[in-house]
Structure formats: structure tokens, C-alpha cells
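> Contents of run_7.pdb (PDB, C-alpha atoms and all ligand atoms) are below:
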```pdb
MODEL        1
ATOM      1  CA  MET A   1      43.331-131.328   3.679
ATOM      2  CA  ASN A   2      43.327-129.284   6.842
ATOM      3  CA  THR A   3      45.786-127.069   8.635
ATOM      4  CA  LEU A   4      45.217-126.796  12.379
ATOM      5  CA  THR A   5      45.994-123.348  13.750
ATOM      6  CA  LEU A   6      46.219-122.429  17.418
ATOM      7  CA  ASP A   7      46.122-118.702  17.976
ATOM      8  CA  GLU A   8      47.104-117.175  21.335
ATOM      9  CA  ILE A   9      45.864-120.093  23.426
ATOM     10  CA  ARG A  10      45.867-119.294  27.142
ATOM     11  CA  LEU A  11      44.784-121.542  29.999
ATOM     12  CA  ARG A  12      44.256-120.216  33.518
ATOM     13  CA  ILE A  13      43.576-121.744  36.903
ATOM     14  CA  ASP A  14      42.508-119.258  39.591
ATOM     15  CA  GLY A  15      43.600-116.449  37.249
ATOM     16  CA  GLN A  16      47.142-117.836  36.856
ATOM     17  CA  GLU A  17      48.308-118.770  33.373
ATOM     18  CA  LEU A  18      49.560-122.358  33.014
ATOM     19  CA  PHE A  19      51.995-121.535  30.194
ATOM     20  CA  PRO A  20      52.876-118.501  28.044
ATOM     21  CA  PRO A  21      50.340-117.782  25.235
ATOM     22  CA  LEU A  22      50.709-120.436  22.544
ATOM     23  CA  SER A  23      50.395-119.892  18.796
ATOM     24  CA  VAL A  24      51.256-122.640  16.335
ATOM     25  CA  ARG A  25      50.325-123.873  12.875
ATOM     26  CA  ILE A  26      50.207-127.631  12.250
ATOM     27  CA  GLU A  27      50.413-128.519   8.575
ATOM     28  CA  PRO A  28      48.438-131.397   7.015
ATOM     29  CA  GLY A  29      50.078-134.786   7.543
ATOM     30  CA  THR A  30      52.691-133.535  10.001
ATOM     31  CA  VAL A  31      53.116-134.427  13.668
ATOM     32  CA  THR A  32      53.951-131.682  16.171
ATOM     33  CA  SER A  33      55.098-132.940  19.583
ATOM     34  CA  VAL A  34      54.164-131.245  22.851
ATOM     35  CA  VAL A  35      56.566-131.860  25.720
ATOM     36  CA  GLY A  36      56.977-130.235  29.114
ATOM     37  CA  ALA A  37      57.148-130.910  32.824
ATOM     38  CA  SER A  38      54.345-132.726  34.580
ATOM     39  CA  GLY A  39      51.603-130.197  35.309
ATOM     40  CA  SER A  40      52.671-127.744  32.605
ATOM     41  CA  GLY A  41      49.279-128.139  30.924
ATOM     42  CA  LYS A  42      49.832-130.576  28.042
ATOM     43  CA  SER A  43      46.689-132.637  28.589
ATOM     44  CA  SER A  44      44.670-129.532  29.405
ATOM     45  CA  LEU A  45      45.755-128.015  26.095
ATOM     46  CA  LEU A  46      44.344-131.024  24.209
ATOM     47  CA  LYS A  47      41.155-130.860  26.275
ATOM     48  CA  PHE A  48      40.773-127.191  25.386
ATOM     49  CA  LEU A  49      41.216-127.953  21.686
ATOM     50  CA  CYS A  50      38.469-130.554  21.719
ATOM     51  CA  GLY A  51      36.160-128.558  23.975
ATOM     52  CA  ILE A  52      36.203-130.707  27.124
ATOM     53  CA  LEU A  53      38.174-128.500  29.518
ATOM     54  CA  PRO A  54      37.028-128.953  33.147
ATOM     55  CA  PRO A  55      35.263-125.885  34.579
ATOM     56  CA  GLU A  56      38.154-125.157  36.971
ATOM     57  CA  ILE A  57      40.348-124.244  33.988
ATOM     58  CA  GLU A  58      39.575-121.165  31.922
ATOM     59  CA  GLY A  59      40.706-121.229  28.308
ATOM     60  CA  SER A  60      40.855-118.581  25.613
ATOM     61  CA  GLY A  61      42.221-118.183  22.123
ATOM     62  CA  ALA A  62      41.170-119.351  18.675
ATOM     63  CA  VAL A  63      41.426-122.836  17.183
ATOM     64  CA  ARG A  64      41.018-123.062  13.419
ATOM     65  CA  LEU A  65      40.860-125.806  10.836
ATOM     66  CA  ASN A  66      41.906-123.993   7.676
ATOM     67  CA  ASP A  67      40.014-120.724   8.041
ATOM     68  CA  ASN A  68      37.160-122.138  10.081
ATOM     69  CA  GLU A  69      37.072-121.344  13.754
ATOM     70  CA  ILE A  70      36.169-124.525  15.640
ATOM     71  CA  SER A  71      36.623-123.350  19.238
ATOM     72  CA  THR A  72      33.031-122.084  19.207
ATOM     73  CA  LEU A  73      31.637-125.473  18.140
ATOM     74  CA  PRO A  74      30.441-128.205  20.528
ATOM     75  CA  PRO A  75      33.005-131.037  20.939
ATOM     76  CA  GLN A  76      31.310-133.552  18.616
ATOM     77  CA  ALA A  77      31.055-130.994  15.787
ATOM     78  CA  ARG A  78      34.809-130.300  15.836
ATOM     79  CA  ARG A  79      35.579-133.687  14.282
ATOM     80  CA  LEU A  80      38.908-134.140  16.061
ATOM     81  CA  GLY A  81      40.230-137.675  16.550
ATOM     82  CA  LEU A  82      41.445-138.404  20.083
ATOM     83  CA  LEU A  83      43.694-141.194  21.283
ATOM     84  CA  PHE A  84      44.719-141.645  24.900
ATOM     85  CA  GLN A  85      47.080-143.896  26.821
ATOM     86  CA  ASP A  86      44.082-146.088  27.656
ATOM     87  CA  PRO A  87      42.474-147.368  24.419
ATOM     88  CA  LEU A  88      39.053-147.034  26.105
ATOM     89  CA  LEU A  89      37.418-149.800  24.092
ATOM     90  CA  PHE A  90      33.778-150.586  24.824
ATOM     91  CA  PRO A  91      33.772-153.819  26.858
ATOM     92  CA  HIS A  92      30.214-154.729  25.811
ATOM     93  CA  LEU A  93      31.090-154.714  22.087
ATOM     94  CA  ASP A  94      33.339-157.107  20.218
ATOM     95  CA  VAL A  95      36.349-155.837  18.255
ATOM     96  CA  ALA A  96      34.320-155.288  15.060
ATOM     97  CA  GLY A  97      31.598-153.525  17.070
ATOM     98  CA  ASN A  98      34.179-151.146  18.514
ATOM     99  CA  VAL A  99      35.498-150.272  15.061
ATOM    100  CA  LEU A 100      31.992-150.061  13.604
ATOM    101  CA  PHE A 101      31.097-147.571  16.317
ATOM    102  CA  GLY A 102      33.423-145.013  14.724
ATOM    103  CA  LEU A 103      32.342-145.610  11.142
ATOM    104  CA  ARG A 104      31.025-142.416   9.625
ATOM    105  CA  THR A 105      30.053-143.649   6.184
ATOM    106  CA  ARG A 106      26.519-144.882   5.705
ATOM    107  CA  GLY A 107      25.684-147.833   3.468
ATOM    108  CA  THR A 108      24.159-151.226   3.903
ATOM    109  CA  ARG A 109      24.971-153.399   6.882
ATOM    110  CA  ARG A 110      26.972-155.687   4.613
ATOM    111  CA  GLU A 111      28.999-152.744   3.199
ATOM    112  CA  ARG A 112      29.727-151.471   6.659
ATOM    113  CA  GLN A 113      30.827-154.884   7.855
ATOM    114  CA  GLN A 114      33.039-155.205   4.773
ATOM    115  CA  GLN A 115      34.655-151.855   5.504
ATOM    116  CA  VAL A 116      35.358-152.845   9.109
ATOM    117  CA  SER A 117      36.792-156.170   8.007
ATOM    118  CA  GLU A 118      39.120-154.445   5.499
ATOM    119  CA  ALA A 119      40.184-151.939   8.143
ATOM    120  CA  LEU A 120      41.038-154.749  10.575
ATOM    121  CA  THR A 121      43.038-156.536   7.881
ATOM    122  CA  SER A 122      44.930-153.328   7.049
ATOM    123  CA  VAL A 123      46.343-153.172  10.584
ATOM    124  CA  GLY A 124      47.102-156.885  10.952
ATOM    125  CA  LEU A 125      43.946-157.805  12.874
ATOM    126  CA  ALA A 126      42.261-159.941  10.205
ATOM    127  CA  GLY A 127      39.832-162.439  11.681
ATOM    128  CA  LEU A 128      39.774-160.890  15.152
ATOM    129  CA  GLY A 129      36.451-159.044  14.674
ATOM    130  CA  THR A 130      34.450-161.320  16.931
ATOM    131  CA  ARG A 131      36.942-161.250  19.811
ATOM    132  CA  ASP A 132      36.242-159.626  23.159
ATOM    133  CA  PRO A 133      38.619-156.607  23.207
ATOM    134  CA  ALA A 134      39.799-157.577  26.705
ATOM    135  CA  THR A 135      41.405-160.710  25.216
ATOM    136  CA  LEU A 136      43.659-158.695  22.865
ATOM    137  CA  SER A 137      47.217-157.577  23.593
ATOM    138  CA  GLY A 138      47.869-153.930  24.417
ATOM    139  CA  GLY A 139      49.243-153.323  20.922
ATOM    140  CA  GLN A 140      46.190-154.928  19.305
ATOM    141  CA  GLN A 141      43.841-152.861  21.473
ATOM    142  CA  ALA A 142      45.714-149.707  20.478
ATOM    143  CA  ARG A 143      45.171-150.604  16.797
ATOM    144  CA  VAL A 144      41.437-151.087  17.369
ATOM    145  CA  ALA A 145      41.269-147.696  19.080
ATOM    146  CA  LEU A 146      43.115-146.147  16.141
ATOM    147  CA  LEU A 147      40.710-147.663  13.600
ATOM    148  CA  ARG A 148      37.696-146.463  15.572
ATOM    149  CA  VAL A 149      39.114-142.943  15.428
ATOM    150  CA  LEU A 150      40.176-143.045  11.764
ATOM    151  CA  LEU A 151      36.893-144.455  10.436
ATOM    152  CA  ALA A 152      35.128-141.475  12.001
ATOM    153  CA  GLU A 153      37.043-139.421   9.403
ATOM    154  CA  PRO A 154      38.514-136.842  11.778
ATOM    155  CA  ARG A 155      39.940-133.571  10.455
ATOM    156  CA  ALA A 156      42.922-133.638  12.842
ATOM    157  CA  LEU A 157      44.424-136.019  15.407
ATOM    158  CA  LEU A 158      45.108-135.245  19.058
ATOM    159  CA  LEU A 159      47.249-137.851  20.794
ATOM    160  CA  ASP A 160      47.752-137.893  24.554
ATOM    161  CA  GLU A 161      50.551-140.411  25.231
ATOM    162  CA  PRO A 162      48.814-143.185  23.250
ATOM    163  CA  PHE A 163      51.959-145.364  23.148
ATOM    164  CA  ARG A 164      52.901-145.015  26.797
ATOM    165  CA  SER A 165      51.529-148.261  28.202
ATOM    166  CA  LEU A 166      52.790-150.432  25.321
ATOM    167  CA  ASP A 167      55.878-152.612  25.502
ATOM    168  CA  GLU A 168      58.824-151.549  23.343
ATOM    169  CA  ASP A 169      57.982-153.723  20.328
ATOM    170  CA  HIS A 170      54.303-152.698  20.174
ATOM    171  CA  ARG A 171      55.204-149.151  20.970
ATOM    172  CA  VAL A 172      57.421-148.775  17.916
ATOM    173  CA  LYS A 173      54.979-150.565  15.595
ATOM    174  CA  VAL A 174      51.826-148.788  16.753
ATOM    175  CA  ARG A 175      53.609-145.435  16.678
ATOM    176  CA  GLU A 176      54.725-146.040  13.108
ATOM    177  CA  LEU A 177      51.199-147.046  12.138
ATOM    178  CA  VAL A 178      49.662-143.925  13.685
ATOM    179  CA  PHE A 179      52.178-141.573  12.052
ATOM    180  CA  THR A 180      51.881-143.324   8.688
ATOM    181  CA  GLU A 181      48.092-142.988   8.754
ATOM    182  CA  ALA A 182      48.329-139.339   9.803
ATOM    183  CA  ARG A 183      50.637-138.642   6.854
ATOM    184  CA  ARG A 184      48.653-140.695   4.359
ATOM    185  CA  ARG A 185      45.381-139.000   5.304
ATOM    186  CA  GLY A 186      46.927-135.539   5.550
ATOM    187  CA  LEU A 187      45.853-135.110   9.169
ATOM    188  CA  PRO A 188      47.507-132.368  11.209
ATOM    189  CA  THR A 189      48.539-134.136  14.412
ATOM    190  CA  LEU A 190      49.442-132.974  17.895
ATOM    191  CA  LEU A 191      51.231-135.519  20.100
ATOM    192  CA  VAL A 192      51.641-135.078  23.852
ATOM    193  CA  THR A 193      54.497-137.203  25.126
ATOM    194  CA  HIS A 194      57.145-137.581  27.813
ATOM    195  CA  ASP A 195      59.266-139.803  25.596
ATOM    196  CA  GLU A 196      62.052-138.315  23.497
ATOM    197  CA  SER A 197      61.965-141.311  21.135
ATOM    198  CA  ASP A 198      58.361-140.370  20.246
ATOM    199  CA  VAL A 199      59.564-136.855  19.465
ATOM    200  CA  VAL A 200      62.301-138.184  17.199
ATOM    201  CA  ALA A 201      59.897-140.576  15.428
ATOM    202  CA  ALA A 202      57.339-137.773  14.957
ATOM    203  CA  ALA A 203      59.994-135.901  12.977
ATOM    204  CA  GLY A 204      58.099-132.630  13.233
ATOM    205  CA  PRO A 205      58.191-129.374  15.178
ATOM    206  CA  VAL A 206      58.362-129.545  18.986
ATOM    207  CA  ILE A 207      56.482-127.337  21.436
ATOM    208  CA  ARG A 208      58.149-127.191  24.843
ATOM    209  CA  LEU A 209      55.518-125.997  27.297
ATOM    210  CA  GLN A 210      56.988-123.938  30.085
ATOM    211  CA  ASP A 211      55.142-124.055  33.358
ATOM    212  CA  SER A 212      54.525-120.325  33.976
ATOM    213  CA  ARG A 213      53.396-120.888  37.553
ATOM    214  CA  HIS A 214      56.567-122.627  38.707
ATOM    215  CA  ALA A 215      59.116-120.938  36.416
TER     216      ALA A 215
HETATM  217  N1  LIG A 301      39.975-130.288  36.982
HETATM  218  C1  LIG A 301      41.025-129.583  37.432
HETATM  219  N2  LIG A 301      40.880-128.686  38.422
HETATM  220  C2  LIG A 301      41.916-127.960  38.877
HETATM  221  N3  LIG A 301      43.164-128.057  38.400
HETATM  222  C3  LIG A 301      43.368-128.951  37.408
HETATM  223  C4  LIG A 301      42.329-129.747  36.874
HETATM  224  N4  LIG A 301      42.846-130.524  35.893
HETATM  225  C5  LIG A 301      44.165-130.234  35.836
HETATM  226  N5  LIG A 301      44.471-129.285  36.745
HETATM  227  C6  LIG A 301      45.805-128.717  36.965
HETATM  228  O1  LIG A 301      46.218-128.148  35.753
HETATM  229  C7  LIG A 301      47.620-128.273  35.613
HETATM  230  C8  LIG A 301      47.922-128.888  34.279
HETATM  231  O2  LIG A 301      47.472-130.239  34.261
HETATM  232  P1  LIG A 301      47.685-131.155  32.993
HETATM  233  O3  LIG A 301      47.105-132.504  33.326
HETATM  234  O4  LIG A 301      47.186-130.460  31.796
HETATM  235  O5  LIG A 301      49.278-131.240  32.935
HETATM  236  P2  LIG A 301      50.210-132.185  32.068
HETATM  237  O6  LIG A 301      51.307-131.328  31.549
HETATM  238  O7  LIG A 301      49.390-132.937  31.071
HETATM  239  O8  LIG A 301      50.762-133.175  33.183
HETATM  240  P3  LIG A 301      51.297-134.686  33.077
HETATM  241  O9  LIG A 301      52.556-134.616  32.246
HETATM  242  O10 LIG A 301      51.580-135.071  34.490
HETATM  243  O11 LIG A 301      50.211-135.515  32.431
HETATM  244  C9  LIG A 301      48.085-129.097  36.808
HETATM  245  O12 LIG A 301      48.628-128.223  37.766
HETATM  246  C10 LIG A 301      46.835-129.753  37.310
HETATM  247  O13 LIG A 301      46.915-129.974  38.682
ENDMDL
END
```
Translate this structure into C-alpha cells?
Ligand SMILES: Nc1ncnc2c1ncn2[C@@H]1O[C@H](COP(=O)(O)OP(=O)(O)OP(=O)(O)O)[C@@H](O)[C@H]1O

Amino acid sequence: MNTLTLDEIRLRIDGQELFPPLSVRIEPGTVTSVVGASGSGKSSLLKFLCGILPPEIEGSGAVRLNDNEISTLPPQARRLGLLFQDPLLFPHLDVAGNVLFGLRTRGTRRERQQQVSEALTSVGLAGLGTRDPATLSGGQQARVALLRVLLAEPRALLLDEPFRSLDEDHRVKVRELVFTEARRRGLPTLLVTHDESDVVAAAGPVIRLQDSRHA
């Protein structure tokens, strides 16, 4: 199990810091929420953690999984699971193909297909493997995106408003599913959200990012 540690993270645009230096420890299986005004740097913080910060933003500070510094690794080697508001499913693959894309374990084709089929069943999508993802509801698409991330066996989860575009019913169910999986797998999880009900459901520490530039 991993602990995700952020140590003195600073982000700057044109030399100006977006928010005061941030240090936080996220324990395995817990969800820490990140809230703050629009433009305070929430999404940029997640981008920094996974190594995809745009060149206009300068980032510094250490990111560790247990005692291993990951901020020096290329994005794909960090093994962080990302979920966004848009599920970003591949339109040229069916539902099973999208899930299979994430699958990290090797094995025969039949074993891999079996694993995908069990994963789909576990989130209430049994029998939908051959569907075009565009024909699924928003909540179903969000579940497919979650499976694709989880089967890649990430070491931590970074969530950027993944429930935002869902209607109330799907929102509550998908949120519960994501948090349950994070807990069950012991994944330290960082959730960016504008929604106080997400913060309550996350039931973990809250980081309130203060916009240093407009304070
Ligand atoms: N590629 C970029 N080049 C220059 N400035 C950028 C770039 N990307 C983001 N910014 C700026 O960085 C600041 C932080 O943006 P960011 O998207 O991280 O904020 P946020 O807190 O996630 O906002 P929101 O809640 O609206 O999603 C903003 O002022 C934004 O304009």
C-alpha cells in the first residue's frame, strides 16, 4: 500500500505563485479533497503530480509514493490513475476494448477477456462489452473509465471533477463506487471538486487552495 506525499509543491506562472507552498500526506485508501476558487490551480496541481504540466507553468517540489520520489519519472512510469469530467473513452473500441486497454496483467487472450468480463459485471455492466461506448449513459461511461484506470493497477488516484457531468442519481452511485474501490485497494486519492457534497462523501481531509495572485 502506498502513501502519497506532496512536499512543498509550488506552481508559478510568469514568476507568480498560484497558491502558497503545499505539503500534504495522503494515506492509503483515503480521499483528500482539493477545493478552491476557479483559477486557483487545482487542475494544474494534478497535472504537476502526473507530469503533464503545460510549459507556461513552472512547478517545483517533491512528490513521493512511500519513500520513492516520482516527480523525476516520466508520466507513464508514475503509475497514477487519472479520471476527468470527460470519461475520454476510445470511440473506435467497444466497451470491452476500452477496459482491456488498461489491463496490466498479462495472460492468455481468454484470461484477459475473462478478467474484463468479471470487471464489467462487478460494476453492473455485465453483457455490455460489445457495445459502442457512445451508446452508454453518462454513468455507465464513467464506470468504464474507472475500470480502465483500475485494471492498470495504479498506485494512487487523481480525480479531476469526474462526477461533475453526471445527473444526481449517477453522480451519487459512481462516486460511491470510486471511493469504495479506492478504499478497498488502499489507493491514496486526491479529488478536485467544486461540489461540497463530494467533499462530505469523501470523508477525508480537505485542502482549500488559496489563489495567491488574487488574494
Ligand atoms: N497553459 C497555460 N498557460 C498559461 N496559464 C495557464 C495555463 N493553464 C492554466 N493556466 C492558468 O493557471 C491558473 C490555474 O488554472 P487551473 O486550471 O489549474 O485552475 P483551477 O483551480 O483548476 O480552475 P477551475 O476551477 O476553473 O477548473 C489559471 O489562472 C489559468 O488561467
> Taking all atoms listed in the file into account, produce a table as JSON lines in which each residue of chain A with an atom at most 9 Å from an atom of ligand LIG 301 (chain A) appears once, together with its shortest atom pair and the distance in Å to one decimal, ordered by chain and rising number.

```
{"residue": "A:Leu11", "atom": "CA", "partner": "A:LIG301", "partner_atom": "O1", "distance": 8.9}
{"residue": "A:Arg12", "atom": "CA", "partner": "A:LIG301", "partner_atom": "O1", "distance": 8.5}
{"residue": "A:Ile13", "atom": "CA", "partner": "A:LIG301", "partner_atom": "N3", "distance": 6.5}
{"residue": "A:Asp14", "atom": "CA", "partner": "A:LIG301", "partner_atom": "C2", "distance": 8.8}
{"residue": "A:Leu18", "atom": "CA", "partner": "A:LIG301", "partner_atom": "C7", "distance": 6.7}
{"residue": "A:Val35", "atom": "CA", "partner": "A:LIG301", "partner_atom": "O6", "distance": 7.9}
{"residue": "A:Gly36", "atom": "CA", "partner": "A:LIG301", "partner_atom": "O6", "distance": 6.3}
{"residue": "A:Ala37", "atom": "CA", "partner": "A:LIG301", "partner_atom": "O9", "distance": 5.9}
{"residue": "A:Ser38", "atom": "CA", "partner": "A:LIG301", "partner_atom": "O9", "distance": 3.5}
{"residue": "A:Gly39", "atom": "CA", "partner": "A:LIG301", "partner_atom": "O5", "distance": 3.5}
{"residue": "A:Ser40", "atom": "CA", "partner": "A:LIG301", "partner_atom": "O6", "distance": 4.0}
{"residue": "A:Gly41", "atom": "CA", "partner": "A:LIG301", "partner_atom": "O4", "distance": 3.2}
{"residue": "A:Lys42", "atom": "CA", "partner": "A:LIG301", "partner_atom": "O7", "distance": 3.9}
{"residue": "A:Ser43", "atom": "CA", "partner": "A:LIG301", "partner_atom": "O7", "distance": 3.7}
{"residue": "A:Ser44", "atom": "CA", "partner": "A:LIG301", "partner_atom": "O4", "distance": 3.6}
{"residue": "A:Leu45", "atom": "CA", "partner": "A:LIG301", "partner_atom": "O4", "distance": 6.4}
{"residue": "A:Leu46", "atom": "CA", "partner": "A:LIG301", "partner_atom": "O4", "distance": 8.1}
{"residue": "A:Lys47", "atom": "CA", "partner": "A:LIG301", "partner_atom": "O4", "distance": 8.2}
{"residue": "A:Leu53", "atom": "CA", "partner": "A:LIG301", "partner_atom": "N1", "distance": 7.9}
{"residue": "A:Pro54", "atom": "CA", "partner": "A:LIG301", "partner_atom": "N1", "distance": 5.0}
{"residue": "A:Pro55", "atom": "CA", "partner": "A:LIG301", "partner_atom": "N1", "distance": 6.9}
{"residue": "A:Glu56", "atom": "CA", "partner": "A:LIG301", "partner_atom": "N2", "distance": 4.7}
{"residue": "A:Ile57", "atom": "CA", "partner": "A:LIG301", "partner_atom": "N2", "distance": 6.3}
{"residue": "A:Asp160", "atom": "CA", "partner": "A:LIG301", "partner_atom": "O7", "distance": 8.3}
{"residue": "A:Glu161", "atom": "CA", "partner": "A:LIG301", "partner_atom": "O11", "distance": 8.7}
{"residue": "A:Val192", "atom": "CA", "partner": "A:LIG301", "partner_atom": "O7", "distance": 7.9}
{"residue": "A:Thr193", "atom": "CA", "partner": "A:LIG301", "partner_atom": "O9", "distance": 7.8}
{"residue": "A:His194", "atom": "CA", "partner": "A:LIG301", "partner_atom": "O9", "distance": 7.0}
{"residue": "A:Leu209", "atom": "CA", "partner": "A:LIG301", "partner_atom": "O6", "distance": 8.0}
{"residue": "A:Asp211", "atom": "CA", "partner": "A:LIG301", "partner_atom": "O6", "distance": 8.4}
{"residue": "A:Arg213", "atom": "CA", "partner": "A:LIG301", "partner_atom": "O12", "distance": 8.8}
```
> With all atoms listed in the file as the atoms that count, which of A:Pro205, A:Leu151, A:Ala96, A:Glu69 lies nearest to Gly127 of chain A?
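Between A:Pro205, A:Leu151, A:Ala96, A:Glu69, the residue approaching Gly127 of chain A most closely is A:Ala96.
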> Starting from the PyMOL selection byres (((chain A and resi 89-91) around 9) and not hetatm), expand the selection into actual residues of this file and give them as number ranges by chain.
A: 86-88, 92-95, 97-98, 132-134, 141, 144-145
> So how many Å separate atom CA of Met1 of chain A and atom CA of Ala126 of chain A, to one decimal?
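Separating atom CA of Met1 of chain A from atom CA of Ala126 of chain A is a distance of 29.4 Å.
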> Please provide as a ChimeraX atom specification all residues within 10 Å of Glu196 of chain A, with the sequence filter that same-chain residues fewer than 4 positions apart are discarded (counting only C-alpha atoms).
/A:33,35,200-202
> Evaluate the PyMOL selection byres (((chain A and resi 163) around 8) and not hetatm) and record the selected residues as a PyMOL selection string, following the chain and residue labels used in the document.
chain A and resi 85+161-162+164-166+171+174-175
> Step by step: locate segment 122-177 of chain A in the block above, keep C-alpha atoms, then write the file as an mmCIF file, in the first residue's frame.

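Resulting contents of decode-v3.cif:
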```
data_model
loop_
_atom_site.group_PDB
_atom_site.id
_atom_site.type_symbol
_atom_site.label_atom_id
_atom_site.label_comp_id
_atom_site.auth_asym_id
_atom_site.auth_seq_id
_atom_site.Cartn_x
_atom_site.Cartn_y
_atom_site.Cartn_z
ATOM 1 C CA SER A 122 -18.563 -6.075 -10.790
ATOM 2 C CA VAL A 123 -19.754 -2.573 -11.707
ATOM 3 C CA GLY A 124 -23.161 -3.579 -13.077
ATOM 4 C CA LEU A 125 -22.186 -3.587 -16.758
ATOM 5 C CA ALA A 126 -22.482 -7.329 -17.415
ATOM 6 C CA GLY A 127 -23.127 -8.106 -21.060
ATOM 7 C CA LEU A 128 -22.322 -4.614 -22.329
ATOM 8 C CA GLY A 129 -18.785 -5.468 -23.529
ATOM 9 C CA THR A 130 -19.618 -5.346 -27.213
ATOM 10 C CA ARG A 131 -21.455 -2.013 -27.056
ATOM 11 C CA ASP A 132 -20.182 1.168 -28.667
ATOM 12 C CA PRO A 133 -19.291 3.400 -25.669
ATOM 13 C CA ALA A 134 -21.212 6.299 -27.240
ATOM 14 C CA THR A 135 -24.452 4.338 -26.723
ATOM 15 C CA LEU A 136 -23.965 4.123 -22.930
ATOM 16 C CA SER A 137 -25.367 6.542 -20.356
ATOM 17 C CA GLY A 138 -23.027 9.029 -18.701
ATOM 18 C CA GLY A 139 -22.954 6.939 -15.524
ATOM 19 C CA GLN A 140 -22.130 3.772 -17.473
ATOM 20 C CA GLN A 141 -19.352 5.553 -19.371
ATOM 21 C CA ALA A 142 -17.914 6.797 -16.079
ATOM 22 C CA ARG A 143 -17.817 3.186 -14.814
ATOM 23 C CA VAL A 144 -15.976 2.040 -17.944
ATOM 24 C CA ALA A 145 -13.445 4.837 -17.470
ATOM 25 C CA LEU A 146 -12.998 3.786 -13.845
ATOM 26 C CA LEU A 147 -12.385 0.142 -14.789
ATOM 27 C CA ARG A 148 -9.850 1.139 -17.434
ATOM 28 C CA VAL A 149 -7.956 3.067 -14.765
ATOM 29 C CA LEU A 150 -8.224 0.417 -12.033
ATOM 30 C CA LEU A 151 -7.143 -2.517 -14.215
ATOM 31 C CA ALA A 152 -3.935 -0.618 -14.955
ATOM 32 C CA GLU A 153 -3.179 -1.147 -11.242
ATOM 33 C CA PRO A 154 -2.370 2.464 -10.368
ATOM 34 C CA ARG A 155 -0.526 3.320 -7.151
ATOM 35 C CA ALA A 156 -2.707 6.375 -6.442
ATOM 36 C CA LEU A 157 -5.809 8.024 -7.912
ATOM 37 C CA LEU A 158 -6.086 11.610 -9.119
ATOM 38 C CA LEU A 159 -9.650 12.724 -9.788
ATOM 39 C CA ASP A 160 -10.465 15.981 -11.553
ATOM 40 C CA GLU A 161 -14.231 16.512 -11.134
ATOM 41 C CA PRO A 162 -15.079 13.040 -12.500
ATOM 42 C CA PHE A 163 -18.694 13.207 -11.252
ATOM 43 C CA ARG A 164 -19.459 16.707 -12.472
ATOM 44 C CA SER A 165 -21.327 15.949 -15.687
ATOM 45 C CA LEU A 166 -23.430 13.128 -14.195
ATOM 46 C CA ASP A 167 -27.045 13.505 -13.145
ATOM 47 C CA GLU A 168 -27.751 13.300 -9.413
ATOM 48 C CA ASP A 169 -28.549 9.575 -9.308
ATOM 49 C CA HIS A 170 -25.475 8.501 -11.309
ATOM 50 C CA ARG A 171 -23.362 11.017 -9.511
ATOM 51 C CA VAL A 172 -24.041 9.508 -6.099
ATOM 52 C CA LYS A 173 -23.647 5.914 -7.317
ATOM 53 C CA VAL A 174 -20.475 6.438 -9.341
ATOM 54 C CA ARG A 175 -18.944 8.489 -6.534
ATOM 55 C CA GLU A 176 -19.649 5.720 -4.046
ATOM 56 C CA LEU A 177 -18.150 3.162 -6.411
#
```
